[in-house]
Amino acid sequence: MPNIVPISALRNYSSVLQNVAIGSPVYLTKNGRGCYAIVDIAEQEEYERTKATLKLMCKLDEGRKSGEQEGWISSDDVRRKFTANL
């Protein structure tokens with residue numbers, strides 16, 4: 001069951017923060033609509049790592065598709081490109 005409270009509950013923020021745990025954020029409403037979420041910092045860090053991993057996986061897939069469509073570049077060509085700028 002999600003923990004949803006009005007933003008005015010932050011007047012007594014210690015009671016609101018007691019309900020925050022990993023996997024159990026507290027959602028704050030403003031004028032009856034969801035507005036903010038308070039999450040455990042460990043959960044936020046895990047979210048950021050997952051987001052970065054997903055972004056990397058998407059870029060790798062994009063590169064794989066490009067290689068299949070446009071042809072692969074040899075490792076020798078890559079080495080020449082990067083050593084030419086030195």
# chains A, B, ... in the order shown; residues from 1 in each chain; ligands from 1

$ select_by_dssp --residues "chain A" --states "helix (DSSP H, G or I)" --output "PyMOL selection string"
chain A and resi 7-17+41-70+75-84

$ write_last_selection --atoms "N, CA and C atoms" --output "short mmCIF file (atom, residue, chain, number, x, y, z; two decimals), in the first residue's frame"
data_model
loop_
_atom_site.label_atom_id
_atom_site.label_comp_id
_atom_site.auth_asym_id
_atom_site.auth_seq_id
_atom_site.Cartn_x
_atom_site.Cartn_y
_atom_site.Cartn_z
N ILE A 7 1.24 17.45 1.53
CA ILE A 7 2.49 18.15 1.77
C ILE A 7 2.47 18.89 3.11
N SER A 8 1.31 19.24 3.57
CA SER A 8 1.19 19.93 4.87
C SER A 8 1.64 19.04 6.02
N ALA A 9 1.72 17.73 5.79
CA ALA A 9 2.20 16.81 6.83
C ALA A 9 3.67 17.05 7.16
N LEU A 10 4.38 17.77 6.28
CA LEU A 10 5.79 18.06 6.54
C LEU A 10 6.00 19.02 7.70
N ARG A 11 4.92 19.60 8.18
CA ARG A 11 5.05 20.45 9.38
C ARG A 11 5.62 19.61 10.52
N ASN A 12 5.25 18.34 10.53
CA ASN A 12 5.80 17.39 11.50
C ASN A 12 6.63 16.38 10.71
N TYR A 13 7.73 16.87 10.13
CA TYR A 13 8.50 16.07 9.18
C TYR A 13 9.09 14.80 9.78
N SER A 14 9.36 14.79 11.08
CA SER A 14 9.96 13.58 11.66
C SER A 14 9.01 12.39 11.57
N SER A 15 7.72 12.62 11.72
CA SER A 15 6.77 11.50 11.60
C SER A 15 6.65 11.04 10.15
N VAL A 16 6.79 11.96 9.21
CA VAL A 16 6.75 11.59 7.79
C VAL A 16 7.99 10.78 7.44
N LEU A 17 9.16 11.23 7.89
CA LEU A 17 10.42 10.56 7.58
C LEU A 17 10.52 9.17 8.20
N ILE A 41 17.92 7.18 0.50
CA ILE A 41 19.05 7.54 -0.35
C ILE A 41 19.65 6.31 -1.03
N ALA A 42 19.67 5.17 -0.37
CA ALA A 42 20.21 3.94 -0.98
C ALA A 42 19.36 3.54 -2.18
N GLU A 43 18.05 3.71 -2.07
CA GLU A 43 17.16 3.40 -3.18
C GLU A 43 17.38 4.37 -4.35
N GLN A 44 17.62 5.62 -4.05
CA GLN A 44 17.89 6.62 -5.08
C GLN A 44 19.19 6.31 -5.81
N GLU A 45 20.22 5.91 -5.05
CA GLU A 45 21.50 5.54 -5.67
C GLU A 45 21.33 4.33 -6.58
N GLU A 46 20.56 3.35 -6.15
CA GLU A 46 20.31 2.17 -6.98
C GLU A 46 19.55 2.56 -8.25
N TYR A 47 18.62 3.48 -8.13
CA TYR A 47 17.88 3.98 -9.28
C TYR A 47 18.83 4.63 -10.28
N GLU A 48 19.77 5.45 -9.78
CA GLU A 48 20.73 6.13 -10.66
C GLU A 48 21.63 5.11 -11.37
N ARG A 49 22.07 4.08 -10.65
CA ARG A 49 22.91 3.04 -11.28
C ARG A 49 22.13 2.29 -12.35
N THR A 50 20.88 1.97 -12.05
CA THR A 50 20.04 1.26 -13.02
C THR A 50 19.81 2.12 -14.26
N LYS A 51 19.56 3.39 -14.05
CA LYS A 51 19.35 4.31 -15.16
C LYS A 51 20.60 4.41 -16.03
N ALA A 52 21.77 4.50 -15.41
CA ALA A 52 23.03 4.57 -16.17
C ALA A 52 23.27 3.28 -16.94
N THR A 53 22.97 2.15 -16.33
CA THR A 53 23.14 0.86 -17.00
C THR A 53 22.21 0.75 -18.20
N LEU A 54 20.99 1.16 -18.03
CA LEU A 54 20.03 1.12 -19.13
C LEU A 54 20.47 2.03 -20.28
N LYS A 55 20.97 3.21 -19.95
CA LYS A 55 21.45 4.14 -20.98
C LYS A 55 22.63 3.52 -21.73
N LEU A 56 23.56 2.89 -21.01
CA LEU A 56 24.69 2.24 -21.65
C LEU A 56 24.24 1.10 -22.55
N MET A 57 23.30 0.29 -22.07
CA MET A 57 22.80 -0.83 -22.87
C MET A 57 22.13 -0.33 -24.15
N CYS A 58 21.41 0.76 -24.07
CA CYS A 58 20.76 1.34 -25.26
C CYS A 58 21.80 1.82 -26.27
N LYS A 59 22.87 2.47 -25.78
CA LYS A 59 23.93 2.95 -26.67
C LYS A 59 24.65 1.77 -27.32
N LEU A 60 24.90 0.72 -26.55
CA LEU A 60 25.56 -0.47 -27.11
C LEU A 60 24.69 -1.12 -28.19
N ASP A 61 23.39 -1.18 -27.93
CA ASP A 61 22.48 -1.75 -28.92
C ASP A 61 22.43 -0.89 -30.17
N GLU A 62 22.46 0.43 -29.98
CA GLU A 62 22.47 1.37 -31.11
C GLU A 62 23.73 1.15 -31.95
N GLY A 63 24.87 0.96 -31.29
CA GLY A 63 26.11 0.70 -32.01
C GLY A 63 26.09 -0.63 -32.74
N ARG A 64 25.52 -1.65 -32.11
CA ARG A 64 25.41 -2.95 -32.76
C ARG A 64 24.56 -2.86 -34.01
N LYS A 65 23.43 -2.19 -33.92
CA LYS A 65 22.55 -2.04 -35.09
C LYS A 65 23.25 -1.25 -36.19
N SER A 66 23.98 -0.21 -35.81
CA SER A 66 24.72 0.59 -36.79
C SER A 66 25.76 -0.27 -37.50
N GLY A 67 26.45 -1.09 -36.75
CA GLY A 67 27.45 -1.97 -37.34
C GLY A 67 26.84 -2.97 -38.30
N GLU A 68 25.68 -3.48 -37.94
CA GLU A 68 25.01 -4.44 -38.82
C GLU A 68 24.51 -3.78 -40.10
N GLN A 69 24.04 -2.54 -40.00
CA GLN A 69 23.48 -1.85 -41.16
C GLN A 69 24.55 -1.22 -42.04
N GLU A 70 25.53 -0.59 -41.42
CA GLU A 70 26.52 0.18 -42.17
C GLU A 70 27.86 -0.54 -42.32
N SER A 75 39.43 -3.29 -36.05
CA SER A 75 40.15 -2.75 -34.90
C SER A 75 41.38 -1.96 -35.33
N ASP A 76 41.98 -2.34 -36.46
CA ASP A 76 43.13 -1.58 -36.98
C ASP A 76 42.72 -0.17 -37.39
N ASP A 77 41.54 -0.04 -38.02
CA ASP A 77 41.05 1.29 -38.40
C ASP A 77 40.79 2.15 -37.17
N VAL A 78 40.26 1.54 -36.14
CA VAL A 78 39.99 2.28 -34.90
C VAL A 78 41.31 2.75 -34.29
N ARG A 79 42.29 1.87 -34.21
CA ARG A 79 43.60 2.25 -33.66
C ARG A 79 44.22 3.40 -34.45
N ARG A 80 44.17 3.32 -35.78
CA ARG A 80 44.73 4.39 -36.61
C ARG A 80 44.04 5.71 -36.36
N LYS A 81 42.72 5.67 -36.22
CA LYS A 81 41.97 6.92 -35.99
C LYS A 81 42.39 7.58 -34.68
N PHE A 82 42.53 6.79 -33.62
CA PHE A 82 42.85 7.37 -32.33
C PHE A 82 44.33 7.70 -32.17
N THR A 83 45.19 7.01 -32.85
CA THR A 83 46.62 7.34 -32.75
C THR A 83 47.00 8.47 -33.71
N ALA A 84 46.20 8.72 -34.72
CA ALA A 84 46.49 9.80 -35.67
C ALA A 84 46.36 11.16 -35.02
#

$ atom_distance --atom1 "atom CA of A:Gln18" --atom2 "atom CA of A:Asn31"
23.2 Å

$ select_by_dssp --residues "chain A" --states "strand (DSSP E or B)" --output "mmCIF file with N, CA, C and O atoms, in the first residue's frame"
data_model
loop_
_atom_site.group_PDB
_atom_site.id
_atom_site.type_symbol
_atom_site.label_atom_id
_atom_site.label_comp_id
_atom_site.auth_asym_id
_atom_site.auth_seq_id
_atom_site.Cartn_x
_atom_site.Cartn_y
_atom_site.Cartn_z
ATOM 1 N N ASN A 3 2.324 4.928 0.591
ATOM 2 C CA ASN A 3 2.196 5.874 1.684
ATOM 3 C C ASN A 3 2.038 7.264 1.074
ATOM 4 O O ASN A 3 3.011 7.865 0.615
ATOM 5 N N ILE A 4 0.828 7.771 1.066
ATOM 6 C CA ILE A 4 0.506 9.057 0.445
ATOM 7 C C ILE A 4 0.014 10.011 1.523
ATOM 8 O O ILE A 4 -0.928 9.686 2.265
ATOM 9 N N VAL A 5 0.673 11.165 1.601
ATOM 10 C CA VAL A 5 0.278 12.163 2.596
ATOM 11 C C VAL A 5 0.270 13.542 1.952
ATOM 12 O O VAL A 5 0.977 13.787 0.981
ATOM 13 N N PRO A 6 -0.522 14.456 2.480
ATOM 14 C CA PRO A 6 -0.496 15.823 1.946
ATOM 15 C C PRO A 6 0.817 16.507 2.335
ATOM 16 O O PRO A 6 1.426 16.183 3.357
ATOM 17 N N ALA A 21 11.331 4.150 3.798
ATOM 18 C CA ALA A 21 12.225 2.988 3.870
ATOM 19 C C ALA A 21 12.522 2.524 2.456
ATOM 20 O O ALA A 21 11.858 2.935 1.500
ATOM 21 N N SER A 24 9.750 1.621 0.088
ATOM 22 C CA SER A 24 8.535 2.227 0.633
ATOM 23 C C SER A 24 8.683 3.744 0.700
ATOM 24 O O SER A 24 8.856 4.323 1.776
ATOM 25 N N VAL A 26 7.556 7.756 0.486
ATOM 26 C CA VAL A 26 6.392 8.536 0.906
ATOM 27 C C VAL A 26 6.092 9.507 -0.226
ATOM 28 O O VAL A 26 6.976 10.224 -0.692
ATOM 29 N N TYR A 27 4.861 9.484 -0.692
ATOM 30 C CA TYR A 27 4.429 10.379 -1.766
ATOM 31 C C TYR A 27 3.695 11.554 -1.144
ATOM 32 O O TYR A 27 2.800 11.380 -0.316
ATOM 33 N N LEU A 28 4.082 12.759 -1.560
ATOM 34 C CA LEU A 28 3.449 13.978 -1.055
ATOM 35 C C LEU A 28 2.516 14.544 -2.113
ATOM 36 O O LEU A 28 2.861 14.592 -3.293
ATOM 37 N N THR A 29 1.352 14.976 -1.665
ATOM 38 C CA THR A 29 0.388 15.571 -2.581
ATOM 39 C C THR A 29 0.286 17.069 -2.308
ATOM 40 O O THR A 29 0.493 17.533 -1.197
ATOM 41 N N LYS A 30 -0.029 17.775 -3.367
ATOM 42 C CA LYS A 30 -0.252 19.222 -3.279
ATOM 43 C C LYS A 30 -1.568 19.481 -4.005
ATOM 44 O O LYS A 30 -1.717 19.123 -5.172
ATOM 45 N N ARG A 33 -3.079 16.377 -5.667
ATOM 46 C CA ARG A 33 -2.379 15.701 -6.768
ATOM 47 C C ARG A 33 -0.949 15.351 -6.334
ATOM 48 O O ARG A 33 -0.315 16.101 -5.606
ATOM 49 N N GLY A 34 -0.463 14.217 -6.842
ATOM 50 C CA GLY A 34 0.901 13.810 -6.538
ATOM 51 C C GLY A 34 1.890 14.855 -6.997
ATOM 52 O O GLY A 34 1.784 15.379 -8.107
ATOM 53 N N CYS A 35 2.847 15.173 -6.140
ATOM 54 C CA CYS A 35 3.776 16.247 -6.466
ATOM 55 C C CYS A 35 5.229 15.860 -6.179
ATOM 56 O O CYS A 35 6.104 16.166 -6.975
ATOM 57 N N TYR A 36 5.468 15.184 -5.072
ATOM 58 C CA TYR A 36 6.830 14.848 -4.670
ATOM 59 C C TYR A 36 6.877 13.433 -4.118
ATOM 60 O O TYR A 36 5.867 12.876 -3.713
ATOM 61 N N ALA A 37 8.103 12.891 -4.069
ATOM 62 C CA ALA A 37 8.334 11.599 -3.435
ATOM 63 C C ALA A 37 9.568 11.718 -2.555
ATOM 64 O O ALA A 37 10.569 12.314 -2.951
ATOM 65 N N ILE A 38 9.506 11.147 -1.385
ATOM 66 C CA ILE A 38 10.659 11.088 -0.495
ATOM 67 C C ILE A 38 11.101 9.627 -0.484
ATOM 68 O O ILE A 38 10.327 8.741 -0.132
#
